[in-house]
Amino acid sequence: MIATLLLAPLFACIAIYLFRKKADIIAIAGAFVSLSAAILLAFTVRQGGAVHIAVAGLPDMPFRLLADNTSVVFLVVVAVVAFCIFLYGQGYMADEKGKVWFWAGMCLFLASMQLLVLSGDWILFITGWELMGFASYLLIGTWHWKNSAQEGASKAFMLTRFTDMGLYIGAFVIILTTGTSQITDAPLQDISMPDISMLGALALLVAVMGKSAQVPFQSWLSGAMAGPTPVSALLHSATMVAAGAILLLRAFPLLPEASLLWIGAVGGITILLTGFTAIVSKDVKQMLAASTSSQLGFMLLAIGAGFPGAAFAHWVAHAFMKSSLFLGAGVFQHARDSTAFDTIGGVGKKLKISFAAFAIAGVALAGIPPFIGYWSKDGILAAGIDATPVVWYFPVAVIGAFFTAMYMGRAIRILWKGQAEINRIQKINWMRTGLVALVLVVAAGGLFLEPVVQFAAYEIPQNTMAQISGIAAALAGLAAGWLTNTVALIGKPVHFLQNNYQLSSGYQGLVAKPALQLAVWCDQADKYLHKAVLKTGGAFVGIAKLANIIDLFGNYCIGQAGKFGLRVGHLSRSTEEAGTDWIARLTSSVKSLGTYGKKLQTGMVHQELVWSVGGMVICIIILIFSIR
Amino acid sequence: MDFPLLTSTIFLPLLGALAVLFIKPEKPVTAYTVGITAAALALLGAILIWIKGIDAGFSQLEEVSWIPSLGAAYRVGVDGINFPLVLLTTLLFFASLIFSTKIKEKARTYVALVLLLETACLGVFLALDILLFYVFFEVVLVGMYFIIAGWGHEHAKKAALTFFIYTLIGSLFLLLALLSLYIHTDPHTFDMRTFMAAPALKGLAAALTFWGFFLAFAIKTPLFPFHTWLPVAHTEAPAPGSALLAGVLLKLGAYGFIRFALQMTPNAFREYASIVMVIAVISALYGAFVALAQTDIKRMVAYTSVNHMGYLVFGLAVAAVADTEARTQALDGAVLQMVSHGVVTGALFLLVGSLQDRVKTREMSDISGLLHTAPVLSGLFIVAAFASLGLPGLAHFPAEFQIFLGGFSVYPVAVAFIIIGLLVTTGLYLRAIQKVFMGQQPEGLSSPGLSSPGLSSPGLTHYVDLKGYELWAIVPLILSILAIGLFPETLLSVIHETTKMLGL
């Protein structure tokens, strides 16, 4: 079953690449098979307990797959979200170019995310992690002839790969500390497990910050918007960015106490900064991108507070909410050929179903009961209160909740108010099906969230004060977003905020340019080195004239061998024609080279070769004669 | 006596070469048929060796007395370290010969030379006698010289000469070191197993011998600052020649490091390991940065070899000092790295060759939008490039992961530095892909007949996708890349048996 789960999308990917036809059908079939297998696996695990599989891997470090309660929940969420997005993508991509590329990439992406979720050892985890990065590179670059797509794809891969080095270091530390590459079954903590060093924990945190787009690595998410919207929906909900949270949940038993504060701090800063970006964004997809960073920040905050259960709940809820929001945005995008708020204003009145879905998901994200987002955000606020030594978790979380509600309220207002003419959208039913299915989960999922979290052996912390303040922040935020024109309020520094804190020459100036400059210096050094070596070589060649004497001897031997009438001799005669031809040409042309112009030198070299060949021939003859 | 499988595998290509020379086929096709058949039989031989079983120590020994008074004999044998290289050699020569079929000029001589080269390479890897090793080592040098000089691009002869001078100096040191081994062992022998079983050298003699080996193999591998022959030779050699040069010939150096420096002078290596380690780290980073500065795609790929060989030698330095577990990890990784680098870089060079045939330039800024016109070529290149930058699931990852994991317990700071190399190679491949394969296709080439990308239309013959013979050469290499990445155990189990024994 595990094999089916992983291989169905993988084979779909290969089949699409080979056949280059019916890509959508194959992909959806693959996703469907994978979804069915995930659900079946969930039932198996529920009845029979965790499934462990170990296959041959590196020496003493087999590849392990682990399907425990936690991972099957991840699996099912990923499979459901992906399947809905695939259905939607069938409609979205109907008139777009690059279908084969898109669908093959989506299938590879799904397979690698499921591999990551199922991995029972750190090597497979890294494999899933990096393959997903590769798939996202391909997907963001779906429209590879566009400049923005190229830049976005390269930037996303480069940045995440930079932080992935943290995962490598972290994995080395874990393997060396625990003596095994196996991942411990997260919630069933083995108390005897030693904590990893602070260095290892921080290295892992860097990896998480890159993948989950936390400050200061958040900017790749904006660039990633250059891909098709279903890609963004998948990237931002249950996969890719979500992998960072999974890493922390998996590594949680190993993390030293002191590192939690760092995790919480990164989460807190990201919640506030990117939340603010989302409030002033000019583009609905950019707003959602910033929102993703901010929501992942909530998860980090909960983990930093020591409540992985809250982070887990928010992970599940966020996967459904954010994918719905993106799918809604994709519909508006098709209707107006743009995602800028200026252009899509008022589009909601024409596309009522999609707008309603978008609004429900938005309100849910803001944290209004009874939708799914309320329950998970409530858990994080409670975690913030209960995190005893650190007092600022709770206020930050409340402000973050307020920001969330505010940018959602603003987006809903802009989409509703005003008038807009819309394009006729081909195959909108496919898109609607996927979107509505996801929103149903958002709307009704609140009832099931707690049992699911408990099934995964986690707990959601609860606190009355958190509930009240959460609802208050959400209502205040929605009202503020609906009523105020935030962009007008702030004025000048807006551009900086809207670009998600891209320090104008941040990455370019700090990393890319120095690296290229260093590369150019190294290249120049290499050229000097080469010249120096040639000069030294020239000096030595003079000494080697002595070799001529030996050369003559070598030639004599070949002659003798030939006279013996041996087959070897015949061989050398038969090649003579060809041989003398290019030895002659070689001599003449090498002569003409200024650097090596001296006659004796060139003579030396080719005679040396003849000598070597002759030596080989002699050796073979001796060998033949000396065999007894 | 059993059927001499090793000897047959070594000399089958030579037999093919002789056949080509004697039969003197009129058409190149016949010559290639003979050549490819011989290479295929050698590949089959390698597979049979595997099936027959490879032990931790040397097995399937074949020994024929040669110069008994000197203690030299024809001795060949296989273990977990040289077998992967035998497999790599036979596979790459097979692929390269298929790819070569487009070379029509002096085809007969070319096929014979390539086959001679294959015999010599197999001989180097399988020889258990240092005299035999040295003879084969020299023949490789000669064969490659003629391939570069005879069938290379515009500055081929200068490049061949550089290649020759460099490696000749290396051979000189190798000879001295080998003689030192011979002199210091009592009774005198050329049998490599004796040197490995009980490394006899001590003190200054051991140190000098070690540095002799180091120089010889550092040039061949190559390590900074002995690498400058490599880009020159690679850029001028014909595409299959580059693939062989990078894929197989560089491994002569790496293999020598393991066999001689590590196994025959282990104490000296341990003593100087930190120096070797620093040189390896510099090579890895320097190679990556110089590659980043290249505008010529073939030179760029060539410099990444310096980078990858830096990782490899780093693994060996770790193996020289580390305790059993880390030592085995690093050595496993280093041996696998040889194979991975062989197939990945081999595939990359063949692909660059195909690319150059089509667009008639190697300057990356002059090419763009190849994904439109040659999607298969581009797709395979992207896979190979990501393999080269170390993507998990592809060939380099299991090797490099083990090298770095082993290294982290001994030289954690050096590992932190050396993985910067992974980032730089990522950057340079992404840039190359963005420039060459993505983007709009150039104006001049988008003729009206190009409504269906990838199909040939008149006047665009140089822009068509990969042809049959190219696919037959490249696809097996790509499949090997995937196989090593997904099922590293297959080869690693063979390697691990031997490295475990050495680690004790």
# chains A, B, ... in the order shown; residues from 1 in each chain; ligands from 1
>>> residues_around(residues="region 89-105 of chain B", least_positions_apart="6", cutoff="6 Å", atoms="only C-alpha atoms", output="number ranges by chain")
B: 39, 43, 240, 248, 470, 473
>>> interface_residues(of="chain B", to="chain A", cutoff="6 Å", atoms="only C-alpha atoms", output="JSON, numbers by chain")
{"B": [66, 228, 289, 290, 292, 293, 392, 405, 438, 439, 440, 489]}
>>> residues_around(residues="Ala245 (chain A)", least_positions_apart="5", cutoff="10 Å", atoms="only C-alpha atoms", output="PyMOL selection string")
chain A and resi 208-209+211-212+240+250-251+296-297+299-300+303+308+311-312+315
>>> residues_around(residues="Ala280 (chain B)", least_positions_apart="4", cutoff="10 Å", atoms="only C-alpha atoms", output="tab-separated table (two decimals) with N, CA, C and O atoms, in the first residue's frame")
chain	number	residue	atom	x	y	z
B	218	ALA	N	47.85	13.43	-7.79
B	218	ALA	CA	47.22	14.74	-7.72
B	218	ALA	C	47.16	15.37	-9.11
B	218	ALA	O	46.22	16.09	-9.43
B	223	LEU	N	44.09	17.65	-8.63
B	223	LEU	CA	43.85	18.54	-7.51
B	223	LEU	C	44.48	19.89	-7.80
B	223	LEU	O	45.46	19.97	-8.55
B	224	PHE	N	43.93	20.93	-7.18
B	224	PHE	CA	44.58	22.23	-7.23
B	224	PHE	C	45.96	22.08	-6.59
B	224	PHE	O	46.08	21.43	-5.58
B	274	SER	N	46.09	16.06	7.18
B	274	SER	CA	45.49	17.39	7.29
B	274	SER	C	45.91	18.26	6.11
B	274	SER	O	45.12	19.07	5.63
B	275	ILE	N	47.15	18.07	5.62
B	275	ILE	CA	47.58	18.85	4.44
B	275	ILE	C	46.74	18.44	3.23
B	275	ILE	O	46.23	19.28	2.49
B	276	VAL	N	46.61	17.12	3.05
B	276	VAL	CA	45.81	16.64	1.93
B	276	VAL	C	44.39	17.16	2.04
B	276	VAL	O	43.79	17.58	1.05
B	284	ALA	N	38.04	21.66	-4.06
B	284	ALA	CA	36.59	21.60	-4.22
B	284	ALA	C	36.01	23.00	-4.41
B	284	ALA	O	35.21	23.25	-5.31
B	285	LEU	N	36.45	23.93	-3.55
B	285	LEU	CA	35.88	25.27	-3.62
B	285	LEU	C	36.40	26.02	-4.84
B	285	LEU	O	35.64	26.66	-5.58
B	286	TYR	N	37.71	25.92	-5.05
B	286	TYR	CA	38.32	26.61	-6.17
B	286	TYR	C	37.72	26.13	-7.50
B	286	TYR	O	37.34	26.93	-8.36
B	306	VAL	N	37.02	19.18	-11.09
B	306	VAL	CA	37.98	19.52	-10.04
B	306	VAL	C	37.24	19.58	-8.71
B	306	VAL	O	37.71	19.09	-7.68
B	307	ASN	N	36.06	20.16	-8.74
B	307	ASN	CA	35.24	20.25	-7.54
B	307	ASN	C	34.88	18.87	-6.98
B	307	ASN	O	35.10	18.58	-5.81
B	308	HIS	N	34.40	18.00	-7.85
B	308	HIS	CA	33.97	16.68	-7.37
B	308	HIS	C	35.14	15.83	-6.90
B	308	HIS	O	35.03	15.08	-5.94
B	309	MET	N	36.26	15.98	-7.59
B	309	MET	CA	37.42	15.21	-7.17
B	309	MET	C	37.95	15.74	-5.84
B	309	MET	O	38.53	15.01	-5.05
B	310	GLY	N	37.71	17.03	-5.59
B	310	GLY	CA	38.06	17.58	-4.28
B	310	GLY	C	37.29	16.88	-3.17
B	310	GLY	O	37.86	16.47	-2.16
B	311	TYR	N	35.98	16.68	-3.37
B	311	TYR	CA	35.19	15.95	-2.37
B	311	TYR	C	35.77	14.55	-2.15
B	311	TYR	O	35.87	14.06	-1.04
B	312	LEU	N	36.12	13.93	-3.27
B	312	LEU	CA	36.59	12.55	-3.22
B	312	LEU	C	37.86	12.46	-2.37
B	312	LEU	O	37.96	11.65	-1.45
B	313	VAL	N	38.83	13.32	-2.70
B	313	VAL	CA	40.10	13.26	-1.97
B	313	VAL	C	39.88	13.66	-0.51
B	313	VAL	O	40.53	13.13	0.39
B	314	PHE	N	38.94	14.56	-0.28
B	314	PHE	CA	38.59	14.89	1.10
B	314	PHE	C	38.15	13.62	1.84
B	314	PHE	O	38.57	13.36	2.96
B	315	GLY	N	37.31	12.84	1.17
B	315	GLY	CA	36.87	11.58	1.77
B	315	GLY	C	38.05	10.67	2.09
B	315	GLY	O	38.09	10.02	3.12
B	316	LEU	N	39.05	10.65	1.21
B	316	LEU	CA	40.21	9.80	1.44
B	316	LEU	C	41.03	10.31	2.62
B	316	LEU	O	41.52	9.52	3.43
B	317	ALA	N	41.16	11.64	2.71
B	317	ALA	CA	41.90	12.19	3.84
B	317	ALA	C	41.21	11.83	5.14
B	317	ALA	O	41.85	11.50	6.14
B	414	ALA	N	35.88	21.83	8.35
B	414	ALA	CA	36.17	21.66	6.93
B	414	ALA	C	34.91	21.27	6.17
B	414	ALA	O	34.69	21.72	5.04
B	418	ILE	N	33.40	22.94	2.95
B	418	ILE	CA	33.37	22.24	1.67
B	418	ILE	C	31.95	22.19	1.11
B	418	ILE	O	31.75	22.15	-0.11
>>> residues_around(residues="region 376-382 of chain A", least_positions_apart="2", cutoff="8 Å", atoms="only C-alpha atoms", output="list in words")
Phe298, Met299, Leu301, Ala302, Ala310, Ala311, Ala313, His314, Ala317, Gly367, Ile372, Gly373, Tyr374, Gly384, Ile385, Asp386, Phe394, Ala397, Val398, Ala401, Ile460, Pro461, Gln462, Asn463, Met465, Ala466, Gln467 and Gly470 of chain A
>>> residues_around(residues="Ala42 (chain A)", least_positions_apart="4", cutoff="10 Å", atoms="only C-alpha atoms", output="MDAnalysis selection string")
chainID A and resid 36:38 46:50 67:73 75:76
>>> write_last_selection(atoms="N, CA and C atoms", output="PDB file, in the first residue's frame")
ATOM      1  N   SER A  36      -6.458   7.149  -2.592  1.00  0.00           N
ATOM      2  CA  SER A  36      -7.123   5.943  -2.102  1.00  0.00           C
ATOM      3  C   SER A  36      -6.177   5.154  -1.217  1.00  0.00           C
ATOM      4  N   ALA A  37      -4.933   5.016  -1.679  1.00  0.00           N
ATOM      5  CA  ALA A  37      -3.969   4.240  -0.901  1.00  0.00           C
ATOM      6  C   ALA A  37      -3.722   4.902   0.446  1.00  0.00           C
ATOM      7  N   ALA A  38      -3.682   6.245   0.454  1.00  0.00           N
ATOM      8  CA  ALA A  38      -3.442   6.945   1.715  1.00  0.00           C
ATOM      9  C   ALA A  38      -4.571   6.680   2.693  1.00  0.00           C
ATOM     10  N   ARG A  46      -4.759   2.609  11.805  1.00  0.00           N
ATOM     11  CA  ARG A  46      -5.659   2.808  12.930  1.00  0.00           C
ATOM     12  C   ARG A  46      -5.975   1.476  13.595  1.00  0.00           C
ATOM     13  N   GLN A  47      -6.106   0.442  12.765  1.00  0.00           N
ATOM     14  CA  GLN A  47      -6.429  -0.843  13.352  1.00  0.00           C
ATOM     15  C   GLN A  47      -5.187  -1.612  13.817  1.00  0.00           C
ATOM     16  N   GLY A  48      -4.168  -1.593  12.978  1.00  0.00           N
ATOM     17  CA  GLY A  48      -3.038  -2.486  13.256  1.00  0.00           C
ATOM     18  C   GLY A  48      -1.802  -1.812  13.807  1.00  0.00           C
ATOM     19  N   GLY A  49      -1.872  -0.515  14.022  1.00  0.00           N
ATOM     20  CA  GLY A  49      -0.672   0.152  14.542  1.00  0.00           C
ATOM     21  C   GLY A  49       0.283   0.529  13.433  1.00  0.00           C
ATOM     22  N   ALA A  50       1.372   1.151  13.846  1.00  0.00           N
ATOM     23  CA  ALA A  50       2.314   1.722  12.881  1.00  0.00           C
ATOM     24  C   ALA A  50       2.947   0.647  11.995  1.00  0.00           C
ATOM     25  N   ALA A  67       4.908   4.524   8.699  1.00  0.00           N
ATOM     26  CA  ALA A  67       3.537   5.034   8.664  1.00  0.00           C
ATOM     27  C   ALA A  67       2.971   4.891  10.057  1.00  0.00           C
ATOM     28  N   ASP A  68       3.085   5.945  10.872  1.00  0.00           N
ATOM     29  CA  ASP A  68       2.456   5.917  12.190  1.00  0.00           C
ATOM     30  C   ASP A  68       1.253   6.847  12.176  1.00  0.00           C
ATOM     31  N   ASN A  69       0.632   7.018  13.329  1.00  0.00           N
ATOM     32  CA  ASN A  69      -0.585   7.825  13.373  1.00  0.00           C
ATOM     33  C   ASN A  69      -0.355   9.229  12.834  1.00  0.00           C
ATOM     34  N   THR A  70       0.772   9.819  13.227  1.00  0.00           N
ATOM     35  CA  THR A  70       1.042  11.179  12.777  1.00  0.00           C
ATOM     36  C   THR A  70       1.204  11.229  11.267  1.00  0.00           C
ATOM     37  N   SER A  71       2.016  10.304  10.755  1.00  0.00           N
ATOM     38  CA  SER A  71       2.310  10.440   9.335  1.00  0.00           C
ATOM     39  C   SER A  71       1.104  10.118   8.464  1.00  0.00           C
ATOM     40  N   VAL A  72       0.204   9.230   8.912  1.00  0.00           N
ATOM     41  CA  VAL A  72      -0.957   8.992   8.040  1.00  0.00           C
ATOM     42  C   VAL A  72      -1.861  10.218   7.974  1.00  0.00           C
ATOM     43  N   VAL A  73      -1.916  10.979   9.063  1.00  0.00           N
ATOM     44  CA  VAL A  73      -2.719  12.213   8.984  1.00  0.00           C
ATOM     45  C   VAL A  73      -2.111  13.161   7.953  1.00  0.00           C
ATOM     46  N   LEU A  75      -0.294  12.313   5.494  1.00  0.00           N
ATOM     47  CA  LEU A  75      -0.475  11.699   4.177  1.00  0.00           C
ATOM     48  C   LEU A  75      -1.846  12.018   3.614  1.00  0.00           C
ATOM     49  N   VAL A  76      -2.882  11.801   4.448  1.00  0.00           N
ATOM     50  CA  VAL A  76      -4.235  11.989   3.940  1.00  0.00           C
ATOM     51  C   VAL A  76      -4.474  13.463   3.605  1.00  0.00           C
TER      52      VAL A  76
END
